[in-house]
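**Q** query-v6.cif (mmCIF, C-alpha atoms and all ligand atoms) pasted underneath:
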```cif
data_final
loop_
_atom_site.label_atom_id
_atom_site.label_comp_id
_atom_site.auth_asym_id
_atom_site.auth_seq_id
_atom_site.Cartn_x
_atom_site.Cartn_y
_atom_site.Cartn_z
CA MET A 1 19.28 17.50 17.38
CA SER A 2 20.86 20.92 16.67
CA GLU A 3 20.05 23.99 18.77
CA ILE A 4 18.09 25.50 15.88
CA SER A 5 15.89 22.48 15.37
CA ASP A 6 15.34 22.29 19.13
CA GLN A 7 14.08 25.86 19.00
CA ILE A 8 11.82 25.08 16.06
CA GLN A 9 10.42 22.10 17.91
CA THR A 10 9.45 24.31 20.84
CA LEU A 11 7.55 26.61 18.47
CA VAL A 12 5.39 23.75 17.26
CA PRO A 13 2.44 22.63 19.42
CA GLU A 14 2.72 19.04 20.56
CA TYR A 15 -0.29 17.96 18.53
CA VAL A 16 1.44 19.17 15.35
CA ARG A 17 4.81 17.64 16.31
CA ASN A 18 3.13 14.26 16.63
CA LEU A 19 1.54 14.33 13.16
CA GLN A 20 2.70 12.07 10.34
CA VAL A 21 2.89 13.50 6.82
CA TYR A 22 0.14 12.15 4.53
CA GLN A 23 1.37 9.37 2.23
CA ALA A 24 -0.28 9.61 -1.17
CA GLY A 25 -0.41 6.85 -3.78
CA LYS A 26 2.90 6.49 -5.62
CA PRO A 27 3.05 8.95 -8.54
CA ILE A 28 3.54 7.47 -12.03
CA GLU A 29 6.60 9.67 -12.71
CA GLU A 30 8.30 8.40 -9.55
CA LEU A 31 7.95 4.80 -10.64
CA THR A 32 9.24 5.64 -14.12
CA ARG A 33 12.24 7.37 -12.56
CA GLU A 34 12.96 4.57 -10.11
CA ARG A 35 12.52 1.52 -12.29
CA GLY A 36 12.72 2.77 -15.86
CA LEU A 37 9.34 1.22 -16.67
CA THR A 38 7.35 2.57 -19.57
CA ARG A 39 3.96 0.92 -19.07
CA ILE A 40 2.48 1.93 -15.77
CA SER A 41 -1.04 1.46 -14.41
CA LYS A 42 -1.79 3.50 -11.32
CA LEU A 43 -4.53 1.84 -9.33
CA ALA A 44 -3.71 3.51 -6.05
CA SER A 45 -5.63 6.77 -5.58
CA ASN A 46 -9.23 6.15 -6.71
CA GLU A 47 -8.94 8.61 -9.57
CA ASN A 48 -11.01 8.62 -12.77
CA PRO A 49 -9.12 6.38 -15.21
CA LEU A 50 -10.97 7.85 -18.21
CA GLY A 51 -9.43 11.27 -17.59
CA PRO A 52 -11.15 14.65 -17.31
CA SER A 53 -14.28 15.57 -19.23
CA PRO A 54 -13.60 17.23 -22.61
CA PHE A 55 -16.04 20.02 -21.56
CA ALA A 56 -13.89 20.64 -18.49
CA ILE A 57 -10.73 20.75 -20.58
CA GLN A 58 -12.34 23.25 -22.94
CA LYS A 59 -13.43 25.53 -20.11
CA MET A 60 -10.04 25.33 -18.40
CA THR A 61 -8.20 26.05 -21.65
CA ASN A 62 -10.29 29.16 -22.26
CA ALA A 63 -9.73 30.29 -18.69
CA LEU A 64 -5.94 30.23 -19.12
CA TRP A 65 -6.19 33.62 -20.85
CA GLU A 66 -7.69 35.11 -17.70
CA VAL A 67 -5.21 33.94 -15.11
CA HIS A 68 -3.65 37.40 -14.69
CA ARG A 69 -6.88 38.24 -12.78
CA TYR A 70 -7.92 36.92 -9.37
CA PRO A 71 -10.78 34.46 -9.61
CA ASP A 72 -14.34 35.39 -8.64
CA MET A 73 -14.22 34.79 -4.90
CA ASN A 74 -17.98 34.18 -4.88
CA ALA A 75 -17.60 31.66 -7.72
CA TYR A 76 -20.90 32.88 -9.13
CA ALA A 77 -20.95 30.70 -12.24
CA LEU A 78 -20.04 27.43 -10.53
CA LYS A 79 -22.24 27.98 -7.48
CA SER A 80 -25.17 28.86 -9.75
CA GLY A 81 -24.56 25.63 -11.69
CA LEU A 82 -24.39 23.52 -8.54
CA ALA A 83 -27.41 25.29 -7.02
CA LYS A 84 -29.45 24.49 -10.13
CA LEU A 85 -28.25 20.91 -10.28
CA TYR A 86 -29.13 20.20 -6.65
CA LYS A 87 -32.05 22.63 -6.24
CA LEU A 88 -30.35 24.67 -3.53
CA LYS A 89 -29.50 28.27 -2.85
CA LYS A 90 -25.97 29.51 -3.47
CA GLU A 91 -25.83 30.37 0.26
CA ASN A 92 -25.95 26.64 1.03
CA ILE A 93 -22.76 25.93 -0.92
CA ILE A 94 -19.08 26.22 -0.08
CA LEU A 95 -16.18 25.46 -2.40
CA GLY A 96 -12.63 24.57 -1.43
CA ASN A 97 -9.32 23.22 -2.67
CA GLY A 98 -10.63 19.69 -2.75
CA SER A 99 -13.07 18.41 -0.16
CA GLU A 100 -10.04 18.21 2.11
CA GLY A 101 -9.80 21.99 1.83
CA ILE A 102 -13.35 22.24 3.17
CA MET A 103 -12.55 19.77 5.98
CA SER A 104 -9.78 22.11 7.05
CA TYR A 105 -12.21 25.09 7.04
CA ILE A 106 -14.54 23.06 9.25
CA ALA A 107 -11.68 22.26 11.62
CA ARG A 108 -10.66 25.93 11.70
CA ALA A 109 -14.18 27.26 12.23
CA PHE A 110 -15.61 24.72 14.67
CA VAL A 111 -12.86 22.85 16.46
CA GLN A 112 -10.52 23.95 19.24
CA PRO A 113 -7.71 22.01 20.94
CA GLY A 114 -9.18 19.38 23.24
CA HIS A 115 -12.54 19.15 21.44
CA GLU A 116 -13.72 15.64 20.82
CA ILE A 117 -14.28 14.34 17.30
CA LEU A 118 -16.02 11.01 16.94
CA THR A 119 -15.48 8.75 13.96
CA SER A 120 -14.53 5.24 13.01
CA GLU A 121 -11.29 3.33 12.78
CA ASN A 122 -10.08 2.49 9.29
CA THR A 123 -11.47 5.48 7.50
CA PHE A 124 -10.06 8.33 5.39
CA ILE A 125 -6.62 9.26 6.78
CA GLY A 126 -6.79 12.82 5.47
CA PHE A 127 -9.55 13.52 7.97
CA TYR A 128 -7.56 12.14 10.93
CA ILE A 129 -4.65 14.42 9.99
CA ILE A 130 -6.85 17.52 9.74
CA ALA A 131 -8.58 16.76 13.05
CA ARG A 132 -5.26 16.21 14.84
CA SER A 133 -3.72 19.32 13.26
CA VAL A 134 -6.08 21.53 15.30
CA GLY A 135 -5.47 19.57 18.49
CA ALA A 136 -8.81 17.73 18.51
CA LYS A 137 -9.13 14.53 20.49
CA LEU A 138 -10.04 11.76 18.09
CA LYS A 139 -12.34 9.12 19.49
CA THR A 140 -12.76 6.14 17.17
CA VAL A 141 -14.98 3.07 17.24
CA PRO A 142 -14.16 -0.10 15.25
CA LEU A 143 -15.84 -0.87 11.94
CA LYS A 144 -18.34 -3.71 12.09
CA ASN A 145 -18.05 -6.11 9.15
CA TYR A 146 -15.88 -3.45 7.51
CA ARG A 147 -18.74 -0.92 7.79
CA PHE A 148 -19.27 2.20 9.89
CA ASP A 149 -21.08 1.02 13.00
CA ALA A 150 -23.97 3.46 13.57
CA GLU A 151 -24.91 1.85 16.88
CA ALA A 152 -21.40 2.11 18.33
CA LEU A 153 -21.12 5.72 17.14
CA ALA A 154 -24.46 6.58 18.75
CA LYS A 155 -23.36 4.96 22.02
CA ASN A 156 -20.13 6.94 22.07
CA ILE A 157 -21.62 10.40 21.72
CA THR A 158 -20.88 12.34 24.92
CA PRO A 159 -21.50 15.94 26.02
CA LYS A 160 -17.94 16.61 24.83
CA THR A 161 -18.56 15.44 21.26
CA LYS A 162 -18.27 18.34 18.87
CA VAL A 163 -18.08 16.73 15.44
CA ILE A 164 -18.93 13.32 13.99
CA TYR A 165 -17.26 12.31 10.73
CA ILE A 166 -18.92 9.70 8.53
CA CYS A 167 -17.32 8.57 5.31
CA ASN A 168 -20.01 7.12 3.08
CA PRO A 169 -18.98 5.10 1.11
CA ASN A 170 -15.98 4.53 3.33
CA ASN A 171 -12.45 4.76 2.02
CA PRO A 172 -10.62 2.30 2.14
CA THR A 173 -13.29 -0.41 2.53
CA GLY A 174 -15.85 0.80 -0.07
CA THR A 175 -18.73 -0.09 2.27
CA TYR A 176 -21.65 2.19 3.17
CA ILE A 177 -24.09 2.87 5.95
CA THR A 178 -27.70 2.39 4.92
CA LYS A 179 -30.57 4.90 5.10
CA LYS A 180 -31.92 3.08 8.12
CA GLU A 181 -28.60 3.21 9.94
CA PHE A 182 -28.11 6.87 9.07
CA ASP A 183 -31.60 7.72 10.38
CA PHE A 184 -30.89 5.75 13.53
CA LEU A 185 -27.62 7.58 14.11
CA MET A 186 -29.15 11.00 13.44
CA SER A 187 -31.91 10.28 15.94
CA HIS A 188 -29.14 10.07 18.58
CA VAL A 189 -27.12 13.11 17.51
CA PRO A 190 -27.82 16.23 19.59
CA SER A 191 -28.41 19.32 17.50
CA HIS A 192 -25.23 21.03 18.76
CA VAL A 193 -23.03 18.30 17.25
CA LEU A 194 -21.86 18.85 13.69
CA VAL A 195 -22.03 15.82 11.40
CA ILE A 196 -19.68 15.73 8.42
CA LEU A 197 -20.93 13.38 5.76
CA ASP A 198 -18.08 12.74 3.36
CA GLU A 199 -19.57 11.57 0.06
CA ALA A 200 -16.41 11.67 -2.07
CA TYR A 201 -17.61 8.54 -3.92
CA PHE A 202 -21.28 9.55 -4.11
CA GLU A 203 -21.56 9.29 -7.92
CA PHE A 204 -20.58 5.61 -7.81
CA ALA A 205 -22.84 4.74 -4.90
CA ARG A 206 -25.96 6.79 -5.64
CA GLU A 207 -27.85 4.00 -7.42
CA THR A 208 -27.48 1.61 -4.51
CA GLU A 209 -31.01 1.23 -3.21
CA ASP A 210 -30.51 1.81 0.50
CA TYR A 211 -27.66 4.31 0.18
CA PRO A 212 -28.67 7.53 1.96
CA ASN A 213 -28.23 10.43 -0.45
CA SER A 214 -27.72 13.26 2.01
CA MET A 215 -29.47 15.69 -0.34
CA ASP A 216 -32.73 13.96 0.59
CA TYR A 217 -32.30 15.04 4.21
CA ARG A 218 -32.50 18.46 5.77
CA TYR A 219 -30.62 18.45 9.04
CA ASP A 220 -29.29 21.85 10.11
CA ASN A 221 -26.25 20.24 11.72
CA VAL A 222 -25.11 18.11 8.76
CA ILE A 223 -22.60 19.22 6.17
CA THR A 224 -22.17 17.10 3.06
CA LEU A 225 -18.82 17.07 1.33
CA ARG A 226 -18.33 16.04 -2.27
CA THR A 227 -15.50 16.33 -4.71
CA PHE A 228 -14.53 16.79 -8.33
CA SER A 229 -11.49 14.57 -7.71
CA LYS A 230 -13.10 11.16 -8.21
CA ALA A 231 -15.94 10.55 -10.70
CA TYR A 232 -15.40 13.99 -12.28
CA GLY A 233 -11.73 13.27 -12.98
CA LEU A 234 -10.29 16.56 -11.74
CA SER A 235 -8.08 15.57 -8.78
CA GLY A 236 -5.10 17.46 -10.23
CA ILE A 237 -6.77 20.88 -10.00
CA ARG A 238 -8.11 20.52 -6.43
CA ILE A 239 -11.76 21.40 -6.11
CA GLY A 240 -14.48 20.10 -3.87
CA TYR A 241 -17.82 21.38 -2.61
CA GLY A 242 -19.96 21.24 0.49
CA PHE A 243 -23.67 21.70 1.17
CA GLY A 244 -25.19 22.74 4.47
CA HIS A 245 -27.41 25.15 6.36
CA GLU A 246 -26.65 28.73 5.32
CA ASP A 247 -25.53 29.77 8.82
CA LEU A 248 -23.09 26.90 8.92
CA ILE A 249 -21.77 27.77 5.47
CA ALA A 250 -21.54 31.48 6.37
CA ASN A 251 -19.21 30.65 9.27
CA LEU A 252 -17.02 28.49 7.07
CA HIS A 253 -16.66 31.41 4.65
CA LYS A 254 -15.19 33.50 7.48
CA VAL A 255 -12.15 31.22 7.74
CA LYS A 256 -11.87 30.29 4.07
CA MET A 257 -8.97 31.52 1.94
CA PRO A 258 -10.83 34.03 -0.23
CA PHE A 259 -9.55 32.95 -3.65
CA GLU A 260 -9.73 29.20 -3.22
CA PRO A 261 -10.41 27.38 -5.45
CA GLY A 262 -8.55 29.12 -8.29
CA LEU A 263 -10.01 30.14 -11.63
CA ILE A 264 -8.90 27.06 -13.57
CA ALA A 265 -10.42 24.82 -10.90
CA GLN A 266 -13.73 26.73 -10.90
CA MET A 267 -13.95 26.54 -14.69
CA GLY A 268 -12.96 22.87 -14.87
CA ALA A 269 -15.66 21.99 -12.37
CA LEU A 270 -18.23 24.08 -14.23
CA GLY A 271 -17.48 22.22 -17.46
CA ALA A 272 -17.57 18.88 -15.65
CA ILE A 273 -21.04 19.28 -14.11
CA TYR A 274 -22.54 19.87 -17.55
CA ASP A 275 -20.84 16.84 -19.10
CA LYS A 276 -23.38 14.18 -18.18
CA PRO A 277 -22.17 11.70 -20.85
CA HIS A 278 -18.66 11.71 -19.40
CA LEU A 279 -19.99 11.04 -15.92
CA LYS A 280 -22.15 8.24 -17.28
CA ARG A 281 -19.21 6.63 -19.14
CA THR A 282 -17.23 6.83 -15.91
CA VAL A 283 -19.89 5.11 -13.84
CA VAL A 284 -20.54 2.44 -16.49
CA ASN A 285 -16.81 1.67 -16.81
CA ASN A 286 -16.61 1.45 -13.04
CA LYS A 287 -19.47 -1.03 -12.81
CA ARG A 288 -17.98 -3.31 -15.46
CA ARG A 289 -14.48 -3.21 -14.02
CA TYR A 290 -15.90 -3.80 -10.53
CA THR A 291 -17.57 -7.07 -11.50
CA GLU A 292 -14.45 -8.32 -13.27
CA LEU A 293 -12.11 -7.43 -10.40
CA PHE A 294 -14.43 -8.81 -7.76
CA ASP A 295 -14.69 -12.09 -9.72
CA PHE A 296 -10.93 -12.26 -10.24
CA LEU A 297 -10.20 -11.77 -6.55
CA THR A 298 -12.88 -14.25 -5.57
CA LYS A 299 -11.54 -16.82 -8.04
CA HIS A 300 -8.14 -16.41 -6.39
CA GLU A 301 -9.76 -16.79 -2.96
CA PHE A 302 -8.90 -13.31 -1.72
CA ASN A 303 -12.32 -12.73 -0.20
CA PRO A 304 -12.70 -9.11 -1.43
CA ILE A 305 -14.81 -6.63 0.55
CA PRO A 306 -17.97 -5.75 -1.47
CA SER A 307 -17.69 -2.07 -2.42
CA VAL A 308 -20.02 0.59 -3.85
CA ALA A 309 -17.12 2.90 -4.73
CA ASN A 310 -14.38 2.81 -7.38
CA PHE A 311 -11.98 0.52 -5.52
CA ILE A 312 -11.87 -2.83 -3.78
CA ALA A 313 -9.92 -3.77 -0.66
CA PHE A 314 -8.92 -7.34 0.12
CA LYS A 315 -7.11 -9.17 2.84
CA THR A 316 -3.58 -10.45 2.37
CA GLY A 317 -3.29 -11.63 5.96
CA SER A 318 -0.16 -9.77 7.03
CA GLU A 319 1.75 -6.54 6.57
CA GLU A 320 4.57 -8.51 5.00
CA ALA A 321 2.26 -10.13 2.45
CA SER A 322 0.80 -6.70 1.58
CA ARG A 323 4.27 -5.25 1.09
CA TYR A 324 5.37 -8.23 -1.02
CA LEU A 325 2.33 -7.95 -3.29
CA PHE A 326 2.72 -4.18 -3.61
CA ASP A 327 6.44 -4.48 -4.43
CA LYS A 328 6.12 -7.31 -6.91
CA LEU A 329 3.29 -5.58 -8.75
CA LEU A 330 5.46 -2.45 -8.93
CA ASP A 331 8.08 -4.53 -10.76
CA HIS A 332 5.40 -5.08 -13.40
CA GLY A 333 4.43 -1.39 -13.48
CA VAL A 334 1.21 -1.72 -11.47
CA ILE A 335 0.71 0.57 -8.47
CA ILE A 336 -1.77 -0.53 -5.80
CA ARG A 337 -2.20 0.79 -2.25
CA GLN A 338 -1.01 -0.70 1.02
CA LEU A 339 -3.31 0.20 3.91
CA LYS A 340 -0.89 0.42 6.83
CA ALA A 341 -1.67 4.11 7.35
CA ASN A 342 -5.38 3.18 7.65
CA GLU A 343 -4.39 0.66 10.32
CA MET A 344 -5.26 -2.18 7.98
CA PRO A 345 -1.72 -3.39 7.21
CA ASP A 346 -2.99 -6.86 6.34
CA PHE A 347 -5.13 -5.47 3.48
CA VAL A 348 -4.42 -3.80 0.16
CA ARG A 349 -6.69 -1.68 -2.01
CA VAL A 350 -6.99 -1.65 -5.79
CA SER A 351 -8.67 1.24 -7.64
CA LEU A 352 -10.72 0.37 -10.70
CA GLY A 353 -8.97 1.46 -13.88
CA THR A 354 -9.69 1.19 -17.59
CA LYS A 355 -10.12 -2.23 -19.20
CA ARG A 356 -6.52 -2.02 -20.41
CA GLU A 357 -5.15 -1.06 -17.00
CA MET A 358 -7.08 -3.87 -15.34
CA SER A 359 -5.73 -6.41 -17.88
CA HIS A 360 -2.26 -5.16 -16.94
CA PHE A 361 -3.11 -5.78 -13.27
CA TYR A 362 -4.49 -9.29 -13.97
CA LYS A 363 -1.41 -10.25 -16.01
CA ALA A 364 0.90 -8.92 -13.33
CA MET A 365 -1.06 -10.82 -10.66
CA GLU A 366 -0.87 -14.08 -12.66
CA ASN A 367 2.91 -13.61 -12.70
CA VAL A 368 3.25 -12.74 -9.04
CA LEU A 369 0.72 -15.14 -7.53
CA PRO A 370 2.54 -18.51 -7.81
CA GLU A 371 5.41 -17.33 -5.56
CA TYR A 372 3.05 -15.20 -3.43
CA ASN A 373 0.82 -18.20 -2.79
CA LYS A 374 3.78 -20.35 -1.78
CA ARG A 375 4.95 -17.74 0.70
CA TYR A 376 1.71 -16.48 2.16
CA GLY A 377 -1.20 -18.69 1.10
CA ARG A 378 -4.55 -17.22 2.12
CA PRO A 379 -5.70 -15.82 5.46
CA GLY A 380 -8.55 -17.71 7.08
CA ARG A 381 -12.00 -16.56 6.08
CA GLN A 382 -13.81 -14.41 8.58
C1 LIG A 401 -13.25 9.70 1.51
C2 LIG A 401 -12.45 10.78 0.89
N1 LIG A 401 -12.71 12.04 1.19
C3 LIG A 401 -12.01 13.05 0.64
C4 LIG A 401 -10.98 12.79 -0.23
C5 LIG A 401 -10.19 13.94 -0.75
O1 LIG A 401 -10.78 14.47 -1.83
P1 LIG A 401 -10.32 15.85 -2.45
O2 LIG A 401 -9.41 15.50 -3.58
O3 LIG A 401 -11.58 16.47 -2.88
O4 LIG A 401 -9.63 16.65 -1.38
C6 LIG A 401 -10.65 11.48 -0.57
C7 LIG A 401 -9.54 11.20 -1.47
O5 LIG A 401 -9.00 10.15 -1.55
C8 LIG A 401 -11.41 10.45 0.01
O6 LIG A 401 -11.16 9.17 -0.25
#
```
Show me the file's structure as C-alpha cells.
Ligand SMILES: Cc1ncc(COP(=O)(O)O)c(C=O)c1O
**A**
Amino acid sequence: MSEISDQIQTLVPEYVRNLQVYQAGKPIEELTRERGLTRISKLASNENPLGPSPFAIQKMTNALWEVHRYPDMNAYALKSGLAKLYKLKKENIILGNGSEGIMSYIARAFVQPGHEILTSENTFIGFYIIARSVGAKLKTVPLKNYRFDAEALAKNITPKTKVIYICNPNNPTGTYITKKEFDFLMSHVPSHVLVILDEAYFEFARETEDYPNSMDYRYDNVITLRTFSKAYGLSGIRIGYGFGHEDLIANLHKVKMPFEPGLIAQMGALGAIYDKPHLKRTVVNNKRRYTELFDFLTKHEFNPIPSVANFIAFKTGSEEASRYLFDKLLDHGVIIRQLKANEMPDFVRVSLGTKREMSHFYKAMENVLPEYNKRYGRPGRQ
C-alpha cells in the first residue's frame, strides 16, 4: 500500500474500514453492455414491474419547471397527504431519501459506537451496513423456518440493547412475523429500546390475515419505515417515509439533511399516493405472478419459501449452484439475485415481474435446467 493510502486508512475508523460496499441487483444497462443482449428481464431488486404511476409521472413532470428552487423542507403537501391517508399528524411523519435514508437518520440520532443492535440473520443487508457504519455492535439470532424468531429476539434483549430491527415481511425470505408474535416480542421490549419495523413490502402483505399492520399499534418506542420504492414504483427517485411518536420524529429531524427528499421525489410520491388504481393493478399482478412462480418452482422441486412480498427465494443447495443458475440465466437476459451477501449463498431470489418477464424467466429456466439438474440435482428437503 502507498504512503498516501496508508494515511487515508488511519483517518478511517476501524468499523468503516471493515465495511463492504453494498451490492445492488445488476443494472439492465450493464448487462446490455456486457453481453449485447436486447431482451432483458430484471428480476433482482423487488421493483414494481408495471412502472411508476401515471399520476406520479404527471406531478414529477410539472415539478421539473420548479427545480431552480429548493424543495419545501417541511414537505407540506406530501406530509398532509400521508397524514390524511393514515389518520396521523404531520409531526408523526419523517421523509427521507428512501427508507434507507431514514435508517441512516436513526443510526445518526440514536446510535453511538459500541451500542448494541439486535436483529436477525439473513435480513436486509442495507440495514447491517448502516448499523456497522456508526460502529454499532450487531447481535443477530438465526431465522426459524426462514422467519424472524420473536422468542429468540426476546431472549437476547440485554440492558445494552439500544435498537431492535425487524423486517416484516423479511427480505430476502418474504416471510413475516404474525400479530401474535409481534405482541409477544413487544411485551418483552423495555420502553428505552427503539424498535424499527421495516415494512418496505407492506402493500403486498397487508391483506394477510395475521400480518401485524404497525399502524394498528401505538407504541412510543416503535418507528415504522415504508417506501415508495416497491409497490409505488418509484425506486429511481429515492423516497421513503417513517411514522412514530412525535418526540422520536423530532429528534430524527435534527440530524436529517434539510432538503431530502428533493422536489421531484416529493411530487412523485404525492402523485403516487392518490393513484389507487395503479397500486391495485400492482398488487393484483403480484398475486397472479406469485401463484404461477410458486407453482413453477414447486413443479421443478425447488421447494420455494412461501412469501407475502413481491419475490420468492428458493434453495439451490450450494453457492456454486446459485452462481451457475444466476450466470446461465444472464446468458438468456434474465437477472435474478444471488444471496451470498445475505449469508444464504445456497439460495437465490426471484422478484415477481410482468407476465411477459416471467414467461422470459420460465423459458430461460427450461433451457438451463437440464444441464443444471445433471450438475446439481436438488438439495434434500428440510
Ligand atoms: C426490507 C427493505 N427495506 C428497505 C429497502 C430500501 O428501500 P428504499 O429504496 O426505500 O431505501 C429495501 C430495498 O430493497 C428492502 O428490501
**Q** Using all atoms listed in the file, find each protein or nucleic acid residue lying at most 10 Å from ligand LIG 401 (chain A); present the set as a VMD selection string.
**A** chain A and resid 24 to 25 44 to 47 96 to 103 123 to 127 166 to 172 174 197 to 202 225 to 230 233 to 241 309
**Q** Keeping only C-alpha atoms, write the selected residues to a file as a compact mmCIF listing (two decimals), in the coordinates of the input.
**A**
```
# COMPACT_ATOMS: atom_id res chain seq x y z
CA ALA A 24 -0.28 9.61 -1.17
CA GLY A 25 -0.41 6.85 -3.78
CA ALA A 44 -3.71 3.51 -6.05
CA SER A 45 -5.63 6.77 -5.58
CA ASN A 46 -9.23 6.15 -6.71
CA GLU A 47 -8.94 8.61 -9.57
CA GLY A 96 -12.63 24.57 -1.43
CA ASN A 97 -9.32 23.22 -2.67
CA GLY A 98 -10.63 19.69 -2.75
CA SER A 99 -13.07 18.41 -0.16
CA GLU A 100 -10.04 18.21 2.11
CA GLY A 101 -9.80 21.99 1.83
CA ILE A 102 -13.35 22.24 3.17
CA MET A 103 -12.55 19.77 5.98
CA THR A 123 -11.47 5.48 7.50
CA PHE A 124 -10.06 8.33 5.39
CA ILE A 125 -6.62 9.26 6.78
CA GLY A 126 -6.79 12.82 5.47
CA PHE A 127 -9.55 13.52 7.97
CA ILE A 166 -18.92 9.70 8.53
CA CYS A 167 -17.32 8.57 5.31
CA ASN A 168 -20.01 7.12 3.08
CA PRO A 169 -18.98 5.10 1.11
CA ASN A 170 -15.98 4.53 3.33
CA ASN A 171 -12.45 4.76 2.02
CA PRO A 172 -10.62 2.30 2.14
CA GLY A 174 -15.85 0.80 -0.07
CA LEU A 197 -20.93 13.38 5.76
CA ASP A 198 -18.08 12.74 3.36
CA GLU A 199 -19.57 11.57 0.06
CA ALA A 200 -16.41 11.67 -2.07
CA TYR A 201 -17.61 8.54 -3.92
CA PHE A 202 -21.28 9.55 -4.11
CA LEU A 225 -18.82 17.07 1.33
CA ARG A 226 -18.33 16.04 -2.27
CA THR A 227 -15.50 16.33 -4.71
CA PHE A 228 -14.53 16.79 -8.33
CA SER A 229 -11.49 14.57 -7.71
CA LYS A 230 -13.10 11.16 -8.21
CA GLY A 233 -11.73 13.27 -12.98
CA LEU A 234 -10.29 16.56 -11.74
CA SER A 235 -8.08 15.57 -8.78
CA GLY A 236 -5.10 17.46 -10.23
CA ILE A 237 -6.77 20.88 -10.00
CA ARG A 238 -8.11 20.52 -6.43
CA ILE A 239 -11.76 21.40 -6.11
CA GLY A 240 -14.48 20.10 -3.87
CA TYR A 241 -17.82 21.38 -2.61
CA ALA A 309 -17.12 2.90 -4.73
```
**Q** What is the atom CA of A:Ala131 to atom CA of A:Val16 distance in Å?
**A** 10.6 Å
**Q** Given 4 Å on each side, where is the centre and what are the edge lengths in Å to one decimal of the axis-aligned box enclosing the listed atoms of stretch 44-61 of chain A, as JSON?
**A**
```
{"center_x": -9.9, "center_y": 14.8, "center_z": -14.3, "size_x": 20.3, "size_y": 30.5, "size_z": 25.4}
```
**Q** Taking into account all atoms listed in the file, which residue in the set A:His332, A:Lys315, A:Lys160, A:Arg323 is nearest to A:Val368?
**A**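 Among the listed residues, A:His332 lies closest to A:Val368.
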**Q** Just want the 9 Å neighbourhood of A:Lys42, counted on only C-alpha atoms, with same-chain residues fewer than 2 positions away dropped. Output as a VMD selection string.
**A** chain A and resid 25 to 28 40 44 to 45 47 49 333 to 336 351 353 357
**Q** For stretch 72-74 of chain A, work out the shell of residues within 12 Å, counting all atoms listed in the file and skipping chain neighbours fewer than 3 positions away, then give it as a list in words.
**A**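 Residues near the query, excluding close chain neighbours: Glu66, Val67, Arg69, Ala77, Leu78, Lys79, Ser80, Lys90, Glu91, Ile93, Ile94, Leu95, Gly96, His253, Lys256, Met257, Pro258, Phe259, Glu260, Pro261, Gly262, Leu263, Ile264, Ala265, Gln266 and Met267 of chain A.
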**Q** What is the atom CA of A:Tyr290-atom CA of A:Gly242 distance in Å, reported with one decimal?
**A** 27.7 Å
**Q** Of the candidates A:Asn213, A:Thr316, A:Thr10, A:Asn310, which one gets nearest to A:Pro379 if we count only C-alpha atoms?
**A** A:Thr316
**Q** Report, in Å with one decimal, the straight-line distance from atom CA of A:Thr61 to atom CA of A:Glu29.
**A** 23.8 Å
**Q** Looking at all atoms listed in the file, which of A:Ala321, A:Val348, A:Met365, A:Leu64 is the one that sits closest to A:Asn303?
**A**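 Going through A:Ala321, A:Val348, A:Met365, A:Leu64 one by one, the smallest distance to A:Asn303 is for A:Val348.
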**Q** Contacts of A:Gln58 at 10 Å or less, counting only C-alpha atoms, minus same-chain residues fewer than 2 places along, as a ChimeraX atom specification?
**A** /A:53-56,60-63,267-268,271-272
**Q** Quick one: residues within 12 Å of A:Thr298, all atoms listed in the file, excluding same-chain residues fewer than 6 positions away - as an NGL selection string?
**A** :A and (290-292 or 304-306 or 312-315 or 378 or 381)
**Q** List every protein, DNA or RNA residue with an atom no more than 6 Å from (-10.9, 29.2, 8.6) in the file's coordinates, counting all atoms listed in the file, and format the result as a VMD selection string.
**A** chain A and resid 105 108 to 109 255 to 256
